[in-house]
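A.B. asks: So I've got this file, coords-v5.cif, and it contains mmCIF, C-alpha atoms and all ligand atoms:
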```
data_run
#
loop_
_atom_site.label_atom_id
_atom_site.label_comp_id
_atom_site.auth_asym_id
_atom_site.auth_seq_id
_atom_site.Cartn_x
_atom_site.Cartn_y
_atom_site.Cartn_z
CA MET A 1 -69.49 11.46 56.12
CA THR A 2 -66.56 13.37 57.45
CA ALA A 3 -63.44 12.10 59.05
CA THR A 4 -61.74 14.57 61.31
CA THR A 5 -58.19 13.71 62.12
CA THR A 6 -57.04 15.21 65.35
CA PRO A 7 -53.49 15.51 66.60
CA ALA A 8 -54.10 12.93 69.25
CA THR A 9 -51.32 14.07 71.51
CA ARG A 10 -53.79 16.68 72.65
CA ARG A 11 -56.29 14.06 73.73
CA CYS A 12 -53.97 11.41 75.05
CA SER A 13 -52.57 11.55 78.49
CA SER A 14 -50.51 9.06 80.38
CA ARG A 15 -50.53 8.10 84.00
CA SER A 16 -46.77 7.94 83.86
CA GLY A 17 -46.71 11.67 83.12
CA ASP A 18 -45.16 11.60 79.64
CA PRO A 19 -47.46 12.23 76.73
CA PRO A 20 -48.06 9.06 74.73
CA ARG A 21 -47.04 9.19 71.12
CA CYS A 22 -50.50 8.97 69.65
CA LEU A 23 -50.21 8.83 65.91
CA PHE A 24 -53.65 10.18 65.25
CA ALA A 25 -57.24 9.81 66.23
CA ILE A 26 -60.48 9.69 64.33
CA ARG A 27 -63.65 11.38 65.44
CA SER A 28 -67.09 11.85 63.98
CA LEU A 29 -67.29 8.83 61.75
CA VAL A 30 -70.95 8.21 61.76
CA ARG A 31 -71.99 5.86 59.01
CA ALA A 32 -70.92 2.70 57.31
CA PRO A 33 -67.70 3.29 55.44
CA THR A 34 -67.29 4.08 51.79
CA VAL A 35 -63.79 2.78 51.59
CA LYS A 36 -61.97 3.71 48.44
CA SER A 37 -59.51 1.24 47.05
CA LEU A 38 -56.10 2.58 47.96
CA ALA A 39 -53.93 0.56 45.64
CA LEU A 40 -55.64 -1.86 43.32
CA GLN A 41 -53.36 -4.26 41.58
CA THR A 42 -54.32 -6.79 38.98
CA TYR A 43 -53.08 -10.32 39.19
CA ALA A 44 -54.26 -11.61 35.85
CA GLN A 45 -52.79 -15.04 35.98
CA ASP A 46 -50.93 -17.49 38.11
CA THR A 47 -53.39 -17.15 40.96
CA ASP A 48 -53.87 -20.90 41.23
CA ARG A 49 -51.91 -22.12 44.19
CA GLN A 50 -51.16 -25.27 42.26
CA SER A 51 -49.05 -23.15 39.94
CA ASN A 52 -46.87 -22.02 42.83
CA LYS A 53 -43.95 -24.30 42.18
CA ASP A 54 -42.17 -23.20 45.33
CA GLY A 55 -45.22 -23.97 47.46
CA PRO A 56 -45.54 -22.76 51.04
CA ALA A 57 -42.31 -23.19 52.95
CA ARG A 58 -42.17 -26.15 55.30
CA LEU A 59 -41.75 -25.27 58.94
CA SER A 60 -38.39 -26.41 60.23
CA THR A 61 -39.21 -24.96 63.67
CA ASP A 62 -42.18 -25.86 65.83
CA PRO A 63 -43.70 -22.38 66.27
CA ILE A 64 -45.64 -23.39 69.37
CA SER A 65 -42.57 -24.35 71.36
CA TYR A 66 -40.33 -21.74 69.70
CA GLU A 67 -37.76 -20.37 72.14
CA TYR A 68 -36.40 -16.89 71.77
CA ALA A 69 -34.06 -14.41 73.35
CA ASP A 70 -35.02 -11.13 75.01
CA GLY A 71 -34.04 -8.83 72.16
CA VAL A 72 -35.38 -10.98 69.34
CA LEU A 73 -37.65 -8.19 68.10
CA ASN A 74 -35.25 -5.29 68.69
CA ASP A 75 -35.75 -2.41 66.24
CA ARG A 76 -38.83 -3.97 64.64
CA ILE A 77 -41.79 -1.67 64.17
CA ILE A 78 -44.94 -3.72 64.63
CA LEU A 79 -48.57 -2.68 64.51
CA VAL A 80 -51.06 -4.80 66.45
CA THR A 81 -54.75 -4.25 65.77
CA GLY A 82 -57.11 -4.68 68.70
CA ALA A 83 -54.27 -4.02 71.15
CA SER A 84 -56.67 -2.72 73.79
CA ASP A 85 -57.83 -6.09 75.09
CA GLY A 86 -57.50 -9.86 75.03
CA ILE A 87 -54.89 -11.48 72.82
CA GLY A 88 -53.90 -8.22 71.11
CA LYS A 89 -53.17 -6.50 74.41
CA ALA A 90 -51.08 -9.41 75.71
CA LEU A 91 -49.24 -9.57 72.40
CA ALA A 92 -48.46 -5.85 72.36
CA VAL A 93 -47.01 -5.97 75.87
CA HIS A 94 -45.10 -9.18 75.18
CA ILE A 95 -43.44 -8.04 71.96
CA ALA A 96 -42.62 -4.65 73.48
CA GLY A 97 -40.77 -6.59 76.16
CA LEU A 98 -38.80 -8.28 73.39
CA GLY A 99 -37.65 -4.93 72.03
CA ALA A 100 -40.31 -4.16 69.40
CA GLN A 101 -41.46 -0.62 68.78
CA VAL A 102 -45.19 -1.27 68.99
CA VAL A 103 -47.97 0.71 67.36
CA LEU A 104 -51.01 0.05 69.53
CA HIS A 105 -54.12 0.09 67.41
CA GLY A 106 -57.65 0.18 68.79
CA ARG A 107 -60.83 2.21 68.97
CA ASN A 108 -60.84 3.07 72.66
CA THR A 109 -58.23 5.66 73.64
CA LYS A 110 -58.53 5.06 77.39
CA LYS A 111 -57.94 1.33 77.06
CA LEU A 112 -55.00 1.92 74.72
CA GLU A 113 -53.50 4.39 77.16
CA SER A 114 -53.62 1.78 79.87
CA VAL A 115 -51.67 -0.63 77.63
CA TYR A 116 -49.32 2.22 76.82
CA ASP A 117 -48.68 2.71 80.54
CA GLN A 118 -48.05 -0.98 81.02
CA ILE A 119 -45.40 -0.91 78.29
CA THR A 120 -43.73 2.27 79.44
CA ASN A 121 -43.30 0.63 82.84
CA LEU A 122 -41.06 -1.99 81.22
CA LYS A 123 -37.41 -1.16 81.74
CA ASP A 124 -35.39 0.14 78.77
CA LYS A 125 -37.99 -0.70 76.13
CA PRO A 126 -39.10 1.50 73.24
CA ARG A 127 -42.03 3.76 74.01
CA PRO A 128 -45.07 2.60 72.02
CA SER A 129 -47.36 4.69 69.83
CA ILE A 130 -51.13 4.77 69.82
CA ALA A 131 -53.26 4.71 66.67
CA VAL A 132 -56.98 5.17 67.23
CA LEU A 133 -59.11 3.97 64.35
CA ASP A 134 -62.50 2.29 64.51
CA LEU A 135 -62.44 -0.52 61.98
CA ALA A 136 -66.22 -0.43 61.76
CA THR A 137 -66.39 3.15 60.55
CA ALA A 138 -62.99 4.28 59.27
CA ASP A 139 -62.95 5.69 55.76
CA SER A 140 -60.13 5.90 53.23
CA ALA A 141 -58.93 9.23 54.65
CA ALA A 142 -58.50 7.59 58.04
CA TYR A 143 -56.43 4.76 56.62
CA SER A 144 -54.31 7.23 54.64
CA SER A 145 -53.79 9.25 57.78
CA LEU A 146 -52.56 6.17 59.61
CA HIS A 147 -50.20 5.36 56.76
CA ASN A 148 -48.85 8.91 56.72
CA SER A 149 -48.35 9.02 60.47
CA ILE A 150 -46.35 5.79 60.51
CA GLU A 151 -44.36 6.91 57.49
CA GLN A 152 -43.45 10.20 59.15
CA GLU A 153 -42.66 8.60 62.47
CA PHE A 154 -40.79 5.49 61.37
CA GLY A 155 -40.50 5.37 57.57
CA ARG A 156 -41.39 1.68 57.46
CA LEU A 157 -43.34 -1.13 59.10
CA ASP A 158 -41.81 -4.54 59.88
CA GLY A 159 -44.86 -6.33 61.20
CA LEU A 160 -48.63 -6.07 60.93
CA VAL A 161 -50.80 -8.28 63.15
CA HIS A 162 -54.46 -8.33 62.20
CA ASN A 163 -55.90 -9.37 65.54
CA ALA A 164 -58.99 -7.17 66.15
CA GLY A 165 -62.28 -8.92 65.68
CA ILE A 166 -65.88 -9.21 66.78
CA LEU A 167 -68.06 -12.24 67.34
CA GLY A 168 -71.48 -11.02 66.20
CA GLN A 169 -74.65 -12.98 66.76
CA ARG A 170 -74.71 -16.70 67.56
CA LEU A 171 -77.80 -17.44 65.49
CA SER A 172 -78.82 -19.69 62.62
CA ILE A 173 -78.42 -18.43 59.08
CA GLU A 174 -82.21 -18.28 58.91
CA GLN A 175 -82.37 -15.86 61.82
CA TYR A 176 -79.18 -13.86 61.28
CA ASP A 177 -79.68 -10.10 61.08
CA VAL A 178 -78.36 -8.67 57.81
CA ALA A 179 -76.93 -5.49 59.34
CA ASP A 180 -75.08 -7.51 61.99
CA TRP A 181 -73.77 -9.80 59.24
CA GLN A 182 -72.39 -6.81 57.35
CA GLN A 183 -70.81 -5.36 60.46
CA VAL A 184 -69.00 -8.60 61.31
CA MET A 185 -67.83 -9.11 57.74
CA HIS A 186 -66.63 -5.53 57.62
CA VAL A 187 -64.67 -5.48 60.89
CA ASN A 188 -63.24 -9.00 60.57
CA LEU A 189 -62.53 -9.22 56.85
CA THR A 190 -62.91 -6.03 54.82
CA ALA A 191 -61.10 -3.78 57.29
CA PRO A 192 -57.99 -6.01 57.46
CA PHE A 193 -57.97 -6.05 53.65
CA VAL A 194 -58.11 -2.26 53.47
CA LEU A 195 -55.58 -1.81 56.26
CA THR A 196 -53.24 -4.19 54.47
CA GLN A 197 -53.56 -2.19 51.24
CA ALA A 198 -52.94 1.05 53.10
CA LEU A 199 -49.83 -0.22 54.88
CA LEU A 200 -48.23 -2.38 52.18
CA PRO A 201 -46.04 0.47 50.91
CA LEU A 202 -44.54 0.78 54.41
CA LEU A 203 -44.10 -2.98 54.76
CA ARG A 204 -42.23 -2.96 51.45
CA GLN A 205 -39.73 -0.57 53.03
CA SER A 206 -38.78 -3.26 55.55
CA PRO A 207 -36.09 -5.85 54.80
CA GLU A 208 -38.11 -8.63 56.50
CA PRO A 209 -41.80 -7.68 56.57
CA SER A 210 -44.34 -10.02 58.13
CA ILE A 211 -48.15 -9.98 58.18
CA ILE A 212 -50.19 -12.17 60.51
CA PHE A 213 -53.92 -12.67 60.05
CA THR A 214 -56.11 -14.18 62.77
CA SER A 215 -58.36 -17.08 61.95
CA SER A 216 -60.35 -19.54 64.02
CA GLY A 217 -61.34 -23.20 64.11
CA VAL A 218 -64.63 -22.15 62.50
CA GLY A 219 -62.59 -20.51 59.73
CA ARG A 220 -61.82 -23.99 58.44
CA VAL A 221 -64.98 -25.95 59.25
CA GLY A 222 -68.44 -24.40 59.14
CA LYS A 223 -70.50 -25.07 62.27
CA ALA A 224 -74.10 -24.30 63.16
CA PHE A 225 -74.78 -20.86 64.67
CA TRP A 226 -71.36 -19.37 63.94
CA GLY A 227 -72.80 -17.25 61.10
CA ALA A 228 -70.85 -14.26 59.84
CA TYR A 229 -67.95 -14.82 62.24
CA SER A 230 -67.22 -18.19 60.67
CA VAL A 231 -67.65 -16.88 57.12
CA SER A 232 -65.37 -13.92 57.87
CA LYS A 233 -62.67 -16.28 59.17
CA PHE A 234 -62.94 -18.51 56.08
CA GLY A 235 -62.42 -15.28 54.12
CA THR A 236 -59.47 -14.36 56.30
CA GLU A 237 -57.79 -17.68 55.52
CA ALA A 238 -58.32 -16.99 51.81
CA LEU A 239 -57.07 -13.41 52.06
CA SER A 240 -53.93 -14.60 53.80
CA GLN A 241 -53.28 -17.35 51.24
CA ILE A 242 -53.88 -15.05 48.26
CA LEU A 243 -51.61 -12.32 49.60
CA ALA A 244 -48.90 -14.87 50.43
CA ASP A 245 -49.09 -16.34 46.94
CA GLU A 246 -49.00 -12.93 45.28
CA ASN A 247 -45.88 -12.07 47.27
CA ARG A 248 -44.02 -15.36 47.15
CA HIS A 249 -41.15 -13.76 45.22
CA THR A 250 -40.90 -10.77 47.55
CA PRO A 251 -39.51 -10.55 51.10
CA LEU A 252 -43.06 -10.20 52.48
CA ARG A 253 -44.30 -13.22 54.39
CA VAL A 254 -47.96 -13.66 55.15
CA ASN A 255 -49.38 -16.21 57.56
CA CYS A 256 -52.48 -16.98 59.54
CA ILE A 257 -52.81 -17.95 63.19
CA ASN A 258 -55.69 -19.80 64.80
CA PRO A 259 -55.32 -19.00 68.52
CA GLY A 260 -57.62 -21.82 69.68
CA PRO A 261 -59.67 -21.41 72.88
CA VAL A 262 -58.21 -18.49 74.88
CA ARG A 263 -59.50 -16.84 78.04
CA THR A 264 -60.74 -13.50 76.70
CA ARG A 265 -63.90 -11.44 76.59
CA MET A 266 -64.79 -12.84 73.16
CA ARG A 267 -64.45 -16.41 74.37
CA LEU A 268 -66.69 -15.62 77.36
CA GLU A 269 -69.27 -14.15 74.99
CA ALA A 270 -69.19 -17.31 72.86
CA TYR A 271 -69.10 -19.83 75.73
CA PRO A 272 -70.49 -18.13 78.86
CA ALA A 273 -70.93 -21.39 80.78
CA GLU A 274 -67.53 -22.99 80.33
CA ASP A 275 -64.81 -23.33 82.96
CA ARG A 276 -62.56 -20.37 82.22
CA ASP A 277 -59.77 -21.65 84.42
CA ALA A 278 -59.29 -24.57 82.02
CA LEU A 279 -58.49 -22.20 79.16
CA LYS A 280 -55.10 -20.92 78.12
CA ARG A 281 -54.46 -17.27 78.89
CA PRO A 282 -53.43 -14.94 76.04
CA GLU A 283 -49.92 -14.82 77.54
CA ASP A 284 -49.60 -18.61 77.04
CA ILE A 285 -49.82 -18.50 73.24
CA MET A 286 -47.27 -15.84 72.35
CA ALA A 287 -44.48 -18.02 70.90
CA THR A 288 -46.04 -18.50 67.45
CA TYR A 289 -46.60 -14.77 67.04
CA VAL A 290 -43.01 -14.01 68.03
CA TYR A 291 -41.72 -16.69 65.66
CA LEU A 292 -43.68 -15.27 62.70
CA LEU A 293 -42.68 -11.68 63.49
CA GLY A 294 -39.02 -12.36 64.14
CA PRO A 295 -35.92 -13.28 62.15
CA ASP A 296 -36.26 -17.08 62.41
CA SER A 297 -39.32 -17.36 60.15
CA GLN A 298 -37.76 -15.88 57.05
CA GLY A 299 -39.20 -17.65 54.02
CA VAL A 300 -42.16 -19.02 55.97
CA THR A 301 -45.27 -17.85 54.17
CA GLY A 302 -48.75 -19.07 53.23
CA GLN A 303 -49.08 -21.06 56.46
CA SER A 304 -52.11 -21.36 58.69
CA ILE A 305 -50.96 -22.35 62.13
CA ASP A 306 -52.97 -23.75 65.03
CA VAL A 307 -51.44 -22.38 68.18
CA GLN A 308 -53.02 -25.08 70.36
N1 LIG B 401 -60.31 -15.89 72.33
C1 LIG B 401 -60.45 -16.98 71.58
O1 LIG B 401 -60.73 -18.07 72.11
C2 LIG B 401 -60.25 -16.90 70.09
C3 LIG B 401 -60.31 -18.10 69.36
C4 LIG B 401 -60.12 -18.06 67.98
C5 LIG B 401 -59.87 -16.84 67.36
N2 LIG B 401 -59.83 -15.69 68.09
C6 LIG B 401 -59.53 -14.43 67.37
O2 LIG B 401 -58.49 -13.75 68.05
C7 LIG B 401 -58.63 -12.34 67.86
C8 LIG B 401 -58.59 -11.64 69.22
O3 LIG B 401 -59.71 -12.10 69.96
P1 LIG B 401 -59.86 -11.92 71.55
O4 LIG B 401 -60.39 -13.18 72.06
O5 LIG B 401 -58.63 -11.32 72.11
O6 LIG B 401 -61.05 -10.85 71.56
P2 LIG B 401 -61.36 -9.59 72.53
O7 LIG B 401 -60.78 -9.82 73.88
O8 LIG B 401 -62.81 -9.35 72.39
O9 LIG B 401 -60.53 -8.40 71.84
C9 LIG B 401 -60.90 -7.94 70.59
C10 LIG B 401 -60.08 -6.73 70.24
O10 LIG B 401 -60.55 -6.23 68.96
C11 LIG B 401 -60.87 -4.84 69.13
N3 LIG B 401 -61.94 -4.40 68.23
C12 LIG B 401 -63.17 -4.92 68.09
N4 LIG B 401 -63.87 -4.20 67.21
C13 LIG B 401 -63.07 -3.19 66.79
C14 LIG B 401 -63.24 -2.10 65.91
N5 LIG B 401 -64.39 -1.86 65.30
N6 LIG B 401 -62.20 -1.25 65.71
C15 LIG B 401 -61.03 -1.45 66.36
N7 LIG B 401 -60.81 -2.45 67.23
C16 LIG B 401 -61.83 -3.32 67.44
C17 LIG B 401 -61.32 -4.74 70.58
O11 LIG B 401 -61.33 -3.38 70.97
P3 LIG B 401 -62.17 -2.88 72.29
O12 LIG B 401 -61.27 -3.18 73.45
O13 LIG B 401 -62.35 -1.43 72.05
O14 LIG B 401 -63.45 -3.65 72.31
C18 LIG B 401 -60.24 -5.59 71.24
O15 LIG B 401 -59.05 -4.90 71.35
C19 LIG B 401 -59.95 -12.15 67.10
O16 LIG B 401 -59.67 -11.99 65.74
C20 LIG B 401 -60.69 -13.45 67.34
O17 LIG B 401 -61.59 -13.74 66.30
C21 LIG B 401 -60.00 -15.69 69.44
#
```
Represent the supplied structure as C-alpha cells.
Ligand SMILES: NC(=O)c1ccc[n+]([C@@H]2O[C@H](COP(=O)([O-])OP(=O)(O)OC[C@H]3O[C@@H](n4cnc5c(N)ncnc54)[C@H](OP(=O)(O)O)[C@@H]3O)[C@@H](O)[C@H]2O)c1
C.D. replies:
Amino acid sequence: MTATTTPATRRCSSRSGDPPRCLFAIRSLVRAPTVKSLALQTYAQDTDRQSNKDGPARLSTDPISYEYADGVLNDRIILVTGASDGIGKALAVHIAGLGAQVVLHGRNTKKLESVYDQITNLKDKPRPSIAVLDLATADSAAYSSLHNSIEQEFGRLDGLVHNAGILGQRLSIEQYDVADWQQVMHVNLTAPFVLTQALLPLLRQSPEPSIIFTSSGVGRVGKAFWGAYSVSKFGTEALSQILADENRHTPLRVNCINPGPVRTRMRLEAYPAEDRDALKRPEDIMATYVYLLGPDSQGVTGQSIDVQ
C-alpha cells in the first residue's frame, strides 16, 4: 500500500478565485489500513474512574442554551472531521463565523471546496484550510502528514471535533456482514483514536485544548438492528471517558456529544420514512459545540452531553 501525499494546492481551486489553503491530500490508498501506533503510552494504574477523586466537572452552564458573542472563538484553530456535509459542515461554517480558524477535514475535495467558499464569503473571517484524508483507508504516513501540515501552518491545535461517521447496515447481528462491520468500526472508532494520537502533540501546544467526540443514543443503549454503528458509538463513549480521565491533570478537556435526531443524510438513511420537517437542522444544535470549544468550558471534561 502506498500513500502519495500531494501538495493539494495544485488540485484545489476555489470559486472565489483565491486558492484554498489545502493542507494536503491523499491519493492511491487502496486497501484496509495498517495503521502504526504513533505514540503509545502506558497507563499502568489509576484507570478506574472511581479512583478519580476530582471526578468529571459539574456543568455550571447549560450547554444547550449557551449564549455566546461573535468573537468567542477568535484565534482558535479547530479541526472538524466530516466537514463536507451534515452536522460537520454546519459546524465548520458556524465556528468560522465566530472567528475560528477552521481546518476542514473530509474525503471529498469538491464538497470541501464548496464549504471553503461558503466560509470565505463570510466578512472578515479567517480563511479556512482543507485537509483531505479518507478515514477508511488512511495509513500512518497520512496521519503524520496531516500532523506535519498543521504544525507547519499553525504550530498548534486548539480544538478537534471528531464528527465524521458512517451508518453501515441496519441488520441483525445474525445477518451483519463482517467486512461492513469492520469498515464501520474503523471509520467511527479506530480512525478517531488514531487521529487523536496523531494530533495530541499539537493539542498540547494549546493553552486550552478541547476534543469533542460524537456519540449517539444507541451509543448508550443497545437496540436491535443498529449493529456496528451502535457498538462503535459505545466504544466512542469509552474512548472519550478514558482520554478525559488520563488527562484530568492537564489542560486538555475531552467530551462527547450526542446530537440527537438531526436532519442530515445519515438520518435519512436510518429513517427514510420519517417527517424530516419535524427534525432539528444541524444549525439548530451548535451551542453545545461552541461551549465545549470555547473559553467558558474550561475544566469541563469527561462529560457526555445530549444536545436535545
Ligand atoms: N444526524 C443524526 O441524527 C445523528 C444522530 C446521532 C449521531 N450522529 C452522529 O453525528 C455525526 C455526523 O453525522 P451526520 O448526520 O452529519 O452525517 P452525514 O450528513 O452523513 O455526514 C457525515 C460526514 O462524515 C464524512 N465521512 C464519512 N465517511 C468518511 C471517511 N471515510 N473519511 C472522511 N470523512 C468521512 C462524510 O463525508 P462525505 O461528505 O464525503 O460523505 C460527511 O462529511 C456522525 O458521527 C453521526 O454518527 C448523527
A.B. asks: Quick one: residues within 9 Å of A:Tyr116, all atoms listed in the file, excluding same-chain residues fewer than 2 positions away - as a list in words?
C.D. replies: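 That gives Ser14, Pro20, Val93, Leu104, Lys111, Leu112, Glu113, Ser114, Gln118, Ile119, Thr120, Asn121, Arg127, Pro128, Ser129 and Ile130 of chain A.
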A.B. asks: Can you write just those residues out, C-alpha atoms, as a PDB file, in the frame of the given file?
C.D. replies:
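Listed below is the output, again02.pdb:
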```
ATOM      1  CA  SER A  14     -50.510   9.060  80.380  1.00  0.00           C
ATOM      2  CA  PRO A  20     -48.060   9.060  74.730  1.00  0.00           C
ATOM      3  CA  VAL A  93     -47.010  -5.970  75.870  1.00  0.00           C
ATOM      4  CA  LEU A 104     -51.010   0.050  69.530  1.00  0.00           C
ATOM      5  CA  LYS A 111     -57.940   1.330  77.060  1.00  0.00           C
ATOM      6  CA  LEU A 112     -55.000   1.920  74.720  1.00  0.00           C
ATOM      7  CA  GLU A 113     -53.500   4.390  77.160  1.00  0.00           C
ATOM      8  CA  SER A 114     -53.620   1.780  79.870  1.00  0.00           C
ATOM      9  CA  GLN A 118     -48.050  -0.980  81.020  1.00  0.00           C
ATOM     10  CA  ILE A 119     -45.400  -0.910  78.290  1.00  0.00           C
ATOM     11  CA  THR A 120     -43.730   2.270  79.440  1.00  0.00           C
ATOM     12  CA  ASN A 121     -43.300   0.630  82.840  1.00  0.00           C
ATOM     13  CA  ARG A 127     -42.030   3.760  74.010  1.00  0.00           C
ATOM     14  CA  PRO A 128     -45.070   2.600  72.020  1.00  0.00           C
ATOM     15  CA  SER A 129     -47.360   4.690  69.830  1.00  0.00           C
ATOM     16  CA  ILE A 130     -51.130   4.770  69.820  1.00  0.00           C
TER      17      ILE A 130
END
```
A.B. asks: I want to know what sits within 10 Å of A:Val221, based on only C-alpha atoms, with residues of the same chain fewer than 6 positions away left out; could you give that as a list in words?
C.D. replies: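 Surrounding residues, per the criterion: Ser230, Val231, Lys233 and Phe234 of chain A.
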A.B. asks: Within 7 Å of ligand LIG 401 (chain B), counting only C-alpha atoms and all ligand atoms, which protein or nucleic acid residues do you find, written as JSON, numbers by chain?
C.D. replies: {"A": [81, 82, 83, 84, 85, 86, 87, 88, 89, 106, 107, 108, 111, 133, 134, 135, 136, 163, 164, 165, 166, 167, 187, 188, 214, 215, 216, 217, 258, 259, 260, 261, 262, 263, 264, 265, 266, 267]}
A.B. asks: Can you work out the spacing between atom CA of A:Ala270 and atom CA of A:Leu293 in Å, to one decimal?
C.D. replies: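 Rounded to one decimal, the two atoms are 28.7 Å apart.
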A.B. asks: Calculate how many Å separate atom CA of A:Leu146 from atom CA of A:His105, rounding to one decimal.
C.D. replies: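 Atom CA of A:His105 lies at a distance of 10.0 Å from atom CA of A:Leu146.
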A.B. asks: Do you know which residues are at most 6 Å from A:Arg76 counting only C-alpha atoms, after dropping those on the same chain fewer than 2 positions away, and could you put them as a PyMOL selection string?
C.D. replies: chain A and resi 73-74+100-101+158
A.B. asks: Out of A:Val115, A:Met185, A:Val80, A:Ala90, which residue has the shortest atom-to-atom distance to A:His162 when counting all atoms listed in the file?
C.D. replies: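 Comparing A:Val115, A:Met185, A:Val80, A:Ala90 against A:His162, the winner is A:Val80.
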A.B. asks: As an exercise, work out the distance from atom CA of A:Pro192 to atom CA of A:Ser145 in Å and give it to one decimal place.
C.D. replies: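 Computing it gives 15.8 Å between the two atoms.
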A.B. asks: Counting only C-alpha atoms, figure out which residue out of A:Asn255, A:Gln175, A:Asp117, A:Thr288 gets nearest to A:Phe213.
C.D. replies: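 Result for the nearest residue to A:Phe213: A:Asn255.
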A.B. asks: Could you tell me which of A:Ser140, A:Gln152, A:Gln298, A:Gln182 comes closest to A:Pro207 if we count all atoms listed in the file?
C.D. replies: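 The answer is A:Gln298, which sits nearest to A:Pro207.
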A.B. asks: Could you check the closest approach to A:Met286 for each of A:Ser232, A:Ser60, A:Gln303, A:Ser65 and tell me which residue wins, using only C-alpha atoms?
C.D. replies: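 Ranked by minimum distance to A:Met286, first place goes to A:Ser65.
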A.B. asks: Pull the neighbourhood of (-34.9, -13.0, 59.6) for me: all residues within 12 Å in file coordinates, counting all atoms listed in the file, as a ChimeraX atom specification.
C.D. replies: /A:72-74,76,158,206-210,251-253,290-300
A.B. asks: Given the choices A:Arg170, A:His147, A:Arg220, A:Arg248, which gets closest to A:Pro201 if the distance is worked out from only C-alpha atoms?
C.D. replies: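 Closest residue, counting only C-alpha atoms: A:His147.
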A.B. asks: Which is closest to A:Ser144 among A:Ile78, A:Val184, A:Leu239, A:Leu200, if we use all atoms listed in the file?
C.D. replies: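 Smallest separation from A:Ser144 among the options: A:Leu200.
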